[in-house]
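Chemist: This is the structure, below, for whatever I ask next.
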Amino acid sequence: MNFEEIIMPATVAEAYHALVTRENPVVIGGGGFIKLQKRRVTTAIDLSRCGLDAIHLTPENIEVGAMVTLRTIETHEEMPRALKTAMRNIVGVALRNLVTVGGSVMGKYGFSDVITPLLALDTHLEFHSKGRMSLEKFLQSQDRTPDILVKLIVPRAAHSAFYNLQLTYTDFSMVNLAIAKNHHLRIAVGARPGVARLLKDPNLHLSPQEILEPLKFADDDKASGEYRRALAETLLADALKEVAQWK
Amino acid sequence: MEIVLTVNKKDHHVIVEPDEMLLDTLRRLGYKSVKKGCDTSNCGICSVSIDHKLVPSCSYLSVRAQGKDILTVEGLEEEARLIGESLTREGVEQCGYCSPSLVVAIHTMLEELKQPTEDEIKHYLAGNMCRCSGFEGHHRAIKHHMEVNLNGSQ
């Protein structure tokens with residue numbers, strides 16, 4: 001991606017103003033995708049000086065600023081296990097020091113190992129203009145109204161876990177699965193290869209095949225849909241064994 | 001746009017494009033140890049330390065680096081020499097293209113983890129690709145460096 005100018009606002013309000021008034025703008029989170037996109041924009045709005053890189057702990061939630069890096073999440077002691085595990089094998093430490101959780105969410109990337117655990121954990125998003133909405137609703141929304149993601153509100157789940165399969169240690173997942181339990185059990189499946197989808201309160205008397213039946217899996221150059229479904233069923237069977245141990 | 005970059009504790013006044021990446025600016029300033037690999041932040045060859053964090057300079061905007069401490073292998077001096085000796089001792093050096101970023105990665109790893117286990121070393125360096133496949137030698141060399149140069153055992 002190339003751009004003619006870059007502005008570095010000091011506040012989210014300034015960034016939002018630029019986003020809605022400038023012609024052909026793009027918001028830069030971590031910047032990991034700048035080199036991967038072939039497009040030319042007029043103005044880049046860099047959020048790195050807006051103070052969105054803090055983590056705030058409350059008794060019920062962990063509030064994660066949109067510019068917090070994946071490496072910070074990986075190494076933070078209070079983060080839910082599913083989230084920390086999911087971060088570990090995303091490319092390498094250098095990339096994880098660059099890429100932000102907000103950028104990962106806003107991209108709605110199908111391959112994402114970030115979105116899947118956040119979805120299982122019932123994460124909510126706080127936008128500058130639109131206010132709060134669930135990640136689940138955001139992923140399904142077709143609303144293209146420009147806005148700035150300020151923070152993610154991640155509930156402190158009592159139990160959570162993340163499973164995936166990669167061809168190599170740092171590769172994209174062929175399929176990934178996160179499971180979390182607070183008051184209810186939530187299962188998210190991603191890299192189908194579409195963006196992660198959620199299954200709420202599944203009937204645990206059903207088999208993994210039956211639980212995953214509503215989800216669609218498709219082919220790409222990593223794996224066929226049929227293979228992905230078989231992998232997901234195996235990962236879910238492993239996950240359910242772990243769930244049975246949760247008190 | 002004109003910015004000031006602090007590289008290895010030395011200030012550089014430099015004019016950069018808005019979308020210029022730090023890799024290109026550093027090489028323009030003469031820091032040729034910083035190599036271009038995949039140019040998509042996946043291989044780790046271009047890694048430098050910014051404020052004690054390992055980052056891929058190919059995807060790090062130069063304007064963002066203003067006001068931060070940038071460290072390349074040129075700034076490591078004696079530590080780079082010692083790590084280099086350990087790499088040579090273990091017969092790791094082949095083409096040498098990944099060595100500068102590897103040395104910086106080892107430096108940031110030891111700043112962050114102090115006494116990393118073998119698994120922690122492998123995990124931390126998993127994103128640093130070596131096209132000559134010298135990974136086992138890398139791990140032997142790091143172990144030797146930690147034992148001899150940091151812990152003082154022979």
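Starting from 1 in every chain, residues are counted up; chains themselves are A, B, ... following the order of the structure tokens, and ligands are numbered from 1 as listed.
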If you count only C-alpha atoms, which residues fall within 12 Å of Ile45 (chain B), apart from same-chain ones fewer than 2 positions away, as a PyMOL selection string?
Modeler: (chain A and resi 92+94-95) or (chain B and resi 23+33-43+47-48+54-59+72+96-105+125-131)
Chemist: Output the contact residues of chain A with respect to chain B at a cut-off of 8 Å, based on only C-alpha atoms, as a count of residues only.
Modeler: 21
Chemist: Can you tell me, as JSON, numbers by chain, what residues are no more than 10 Å from Leu82 (chain B) when counting only C-alpha atoms, ignoring any on the same chain fewer than 5 positions away?
Modeler: {"B": [76, 77, 87, 88, 103, 145, 148, 149, 150]}
Chemist: If you run DSSP over the backbone, which residues in chain B end up alpha helix (DSSP H)? Put them as an MDAnalysis selection string.
Modeler: chainID B and resid 22:28 78:89 99:113 118:124 135:144
Chemist: For the residues in the current selection, export C-alpha atoms as a PDB file, in the first residue's frame.
Modeler:
ATOM      1  CA  LEU B  22      12.469   1.793   8.300  1.00  0.00           C
ATOM      2  CA  LEU B  23      14.381  -0.917   6.447  1.00  0.00           C
ATOM      3  CA  ASP B  24      14.861   1.367   3.445  1.00  0.00           C
ATOM      4  CA  THR B  25      15.739   4.397   5.561  1.00  0.00           C
ATOM      5  CA  LEU B  26      18.296   2.507   7.628  1.00  0.00           C
ATOM      6  CA  ARG B  27      20.018   1.145   4.544  1.00  0.00           C
ATOM      7  CA  ARG B  28      19.991   4.637   3.003  1.00  0.00           C
ATOM      8  CA  GLU B  78      31.396  -6.376  21.652  1.00  0.00           C
ATOM      9  CA  GLU B  79      28.210  -8.384  22.263  1.00  0.00           C
ATOM     10  CA  ALA B  80      27.853  -8.935  18.507  1.00  0.00           C
ATOM     11  CA  ARG B  81      31.477 -10.084  18.347  1.00  0.00           C
ATOM     12  CA  LEU B  82      30.934 -12.606  21.150  1.00  0.00           C
ATOM     13  CA  ILE B  83      27.722 -13.993  19.647  1.00  0.00           C
ATOM     14  CA  GLY B  84      29.441 -14.110  16.262  1.00  0.00           C
ATOM     15  CA  GLU B  85      32.294 -16.138  17.753  1.00  0.00           C
ATOM     16  CA  SER B  86      29.810 -18.624  19.192  1.00  0.00           C
ATOM     17  CA  LEU B  87      28.063 -18.914  15.828  1.00  0.00           C
ATOM     18  CA  THR B  88      31.396 -19.503  14.090  1.00  0.00           C
ATOM     19  CA  ARG B  89      32.510 -21.997  16.734  1.00  0.00           C
ATOM     20  CA  SER B  99      23.166 -13.390  10.934  1.00  0.00           C
ATOM     21  CA  PRO B 100      22.734  -9.645  11.673  1.00  0.00           C
ATOM     22  CA  SER B 101      19.026 -10.016  12.481  1.00  0.00           C
ATOM     23  CA  LEU B 102      19.712 -13.225  14.395  1.00  0.00           C
ATOM     24  CA  VAL B 103      22.295 -11.463  16.578  1.00  0.00           C
ATOM     25  CA  VAL B 104      19.843  -8.628  17.297  1.00  0.00           C
ATOM     26  CA  ALA B 105      17.113 -11.197  18.028  1.00  0.00           C
ATOM     27  CA  ILE B 106      19.406 -13.029  20.467  1.00  0.00           C
ATOM     28  CA  HIS B 107      20.163  -9.682  22.133  1.00  0.00           C
ATOM     29  CA  THR B 108      16.490  -8.750  22.602  1.00  0.00           C
ATOM     30  CA  MET B 109      15.669 -12.297  23.713  1.00  0.00           C
ATOM     31  CA  LEU B 110      18.320 -12.187  26.444  1.00  0.00           C
ATOM     32  CA  GLU B 111      17.121  -8.746  27.535  1.00  0.00           C
ATOM     33  CA  GLU B 112      13.584 -10.065  27.848  1.00  0.00           C
ATOM     34  CA  LEU B 113      14.054 -13.625  29.115  1.00  0.00           C
ATOM     35  CA  GLU B 118      15.887 -24.396  25.043  1.00  0.00           C
ATOM     36  CA  ASP B 119      12.162 -24.435  24.287  1.00  0.00           C
ATOM     37  CA  GLU B 120      11.908 -20.705  24.976  1.00  0.00           C
ATOM     38  CA  ILE B 121      14.862 -20.047  22.656  1.00  0.00           C
ATOM     39  CA  LYS B 122      13.291 -22.088  19.874  1.00  0.00           C
ATOM     40  CA  HIS B 123       9.961 -20.351  20.347  1.00  0.00           C
ATOM     41  CA  TYR B 124      11.463 -16.840  20.462  1.00  0.00           C
ATOM     42  CA  PHE B 135      18.734 -23.759  13.182  1.00  0.00           C
ATOM     43  CA  GLU B 136      20.296 -26.549  15.244  1.00  0.00           C
ATOM     44  CA  GLY B 137      23.648 -24.768  15.062  1.00  0.00           C
ATOM     45  CA  HIS B 138      21.996 -21.517  16.103  1.00  0.00           C
ATOM     46  CA  HIS B 139      20.659 -23.178  19.231  1.00  0.00           C
ATOM     47  CA  ARG B 140      24.044 -24.726  20.060  1.00  0.00           C
ATOM     48  CA  ALA B 141      25.711 -21.346  19.553  1.00  0.00           C
ATOM     49  CA  ILE B 142      23.224 -19.534  21.796  1.00  0.00           C
ATOM     50  CA  LYS B 143      23.683 -22.167  24.490  1.00  0.00           C
ATOM     51  CA  HIS B 144      27.466 -21.739  24.226  1.00  0.00           C
TER      52      HIS B 144
END
Chemist: How would you write, as a CSV table (one decimal) with N, CA and C atoms, in the first residue's frame, the set of residues in region 43-100 of chain A that DSSP gives as strand (DSSP E)?
Modeler:
chain,number,residue,atom,x,y,z
A,43,THR,N,-4.5,9.5,2.3
A,43,THR,CA,-4.1,9.8,3.6
A,43,THR,C,-4.1,8.6,4.5
A,44,ALA,N,-3.0,8.4,5.2
A,44,ALA,CA,-2.9,7.3,6.2
A,44,ALA,C,-3.0,8.0,7.6
A,45,ILE,N,-3.9,7.4,8.4
A,45,ILE,CA,-4.1,7.9,9.8
A,45,ILE,C,-3.4,6.9,10.7
A,46,ASP,N,-2.3,7.3,11.3
A,46,ASP,CA,-1.6,6.4,12.2
A,46,ASP,C,-2.1,6.6,13.6
A,55,ILE,N,-3.6,-1.7,28.8
A,55,ILE,CA,-4.5,-2.7,29.2
A,55,ILE,C,-5.0,-2.4,30.6
A,56,HIS,N,-6.3,-2.4,30.8
A,56,HIS,CA,-6.9,-2.0,32.0
A,56,HIS,C,-7.7,-3.2,32.6
A,57,LEU,N,-7.3,-3.5,33.9
A,57,LEU,CA,-8.0,-4.7,34.5
A,57,LEU,C,-9.1,-4.2,35.4
A,61,ASN,N,-13.6,-7.9,33.8
A,61,ASN,CA,-13.1,-7.8,32.4
A,61,ASN,C,-11.6,-7.4,32.3
A,62,ILE,N,-11.1,-7.7,31.1
A,62,ILE,CA,-9.8,-7.1,30.8
A,62,ILE,C,-10.0,-6.2,29.6
A,63,GLU,N,-9.8,-4.9,29.8
A,63,GLU,CA,-10.0,-4.0,28.7
A,63,GLU,C,-8.6,-3.8,28.0
A,64,VAL,N,-8.7,-4.1,26.7
A,64,VAL,CA,-7.4,-4.2,25.9
A,64,VAL,C,-7.5,-3.1,24.9
A,65,GLY,N,-6.6,-2.1,24.9
A,65,GLY,CA,-6.6,-1.0,23.9
A,65,GLY,C,-6.4,-1.6,22.5
Chemist: At a cut-off of 12 Å, using only C-alpha atoms, what residues contact Asp11 (chain B)? Leave out same-chain residues fewer than 5 positions from it and give the result as a list in words.
Modeler: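 Close residues of Asp11 (chain B): Ile3, Val4, Leu5, Thr6, Leu29, Ala65, Gln66, Gly67, Lys68, Asp69 and Ile70 of chain B.
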Chemist: Could you give me, as an MDAnalysis selection string, the residues within 9 Å of Ala223 (chain A), counting only C-alpha atoms and dropping anything in the same chain fewer than 4 positions from it?
Modeler: chainID A and resid 174:175 193 218:219 227:228
Chemist: Take the residues from that selection and put them in a file with C-alpha atoms, as a compact mmCIF listing (two decimals), in the first residue's frame.
Modeler:
# COMPACT_ATOMS: atom_id res chain seq x y z
CA MET A 174 -5.70 -24.74 8.43
CA VAL A 175 -8.48 -24.55 10.97
CA PRO A 193 -11.32 -20.46 5.67
CA ALA A 218 -14.65 -24.43 2.20
CA ASP A 219 -11.63 -25.14 0.00
CA TYR A 227 -10.47 -31.96 5.33
CA ARG A 228 -11.08 -28.84 7.42
Chemist: Could you name the residues that touch region 78-88 of chain A at 7 Å or less, counting only C-alpha atoms, but leaving out those on the same chain fewer than 2 positions away, as a PyMOL selection string?
Modeler: chain A and resi 70+73-74+76+90+113-114+117-118+156-157+160-162+178
Chemist: List as an mmCIF file with N, CA and C atoms, in the first residue's frame the protein and nucleic acid residues near Phe111 (chain A), meaning an atom at most 7 Å away when only C-alpha atoms are counted, but skip any in the same chain fewer than 6 places from it.
Modeler:
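In the end it all went to out.cif:
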data_model
loop_
_atom_site.group_PDB
_atom_site.id
_atom_site.type_symbol
_atom_site.label_atom_id
_atom_site.label_comp_id
_atom_site.auth_asym_id
_atom_site.auth_seq_id
_atom_site.Cartn_x
_atom_site.Cartn_y
_atom_site.Cartn_z
ATOM 1 N N PHE A 172 -0.028 -20.105 8.884
ATOM 2 C CA PHE A 172 -1.441 -19.848 9.165
ATOM 3 C C PHE A 172 -2.114 -21.174 9.526
ATOM 4 N N SER A 173 -3.158 -21.081 10.331
ATOM 5 C CA SER A 173 -3.903 -22.294 10.705
ATOM 6 C C SER A 173 -4.699 -22.817 9.514
ATOM 7 N N GLY A 190 -12.578 -20.972 13.401
ATOM 8 C CA GLY A 190 -12.086 -20.030 12.398
ATOM 9 C C GLY A 190 -11.215 -20.704 11.363
ATOM 10 N N ALA A 191 -10.746 -19.903 10.415
ATOM 11 C CA ALA A 191 -9.931 -20.396 9.292
ATOM 12 C C ALA A 191 -10.675 -21.503 8.566
ATOM 13 N N PRO A 193 -12.254 -21.529 5.357
ATOM 14 C CA PRO A 193 -11.323 -20.456 5.666
ATOM 15 C C PRO A 193 -11.986 -19.112 5.939
ATOM 16 N N VAL A 195 -14.207 -16.151 8.036
ATOM 17 C CA VAL A 195 -14.007 -15.606 9.383
ATOM 18 C C VAL A 195 -14.732 -16.471 10.419
#
Chemist: Given the choices A:Ile187, A:Glu136, A:Thr234, A:Ala196, which gets closest to Lys216 (chain A) if the distance is worked out from only C-alpha atoms?
Modeler: A:Ala196
Chemist: Using CA of Ala188 (chain A) and CA of Arg96 (chain A) as the two end points, give the distance in Å to one decimal.
Modeler: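 According to the coordinates, CA of Ala188 (chain A) and CA of Arg96 (chain A) are separated by 22.2 Å.
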Chemist: Closest to Gly91 (chain B) among B:His13, B:Met146, B:Leu71, B:Cys132, using only C-alpha atoms?
Modeler: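 Looking only at the distances to Gly91 (chain B), the closest residue turns out to be B:Cys132.
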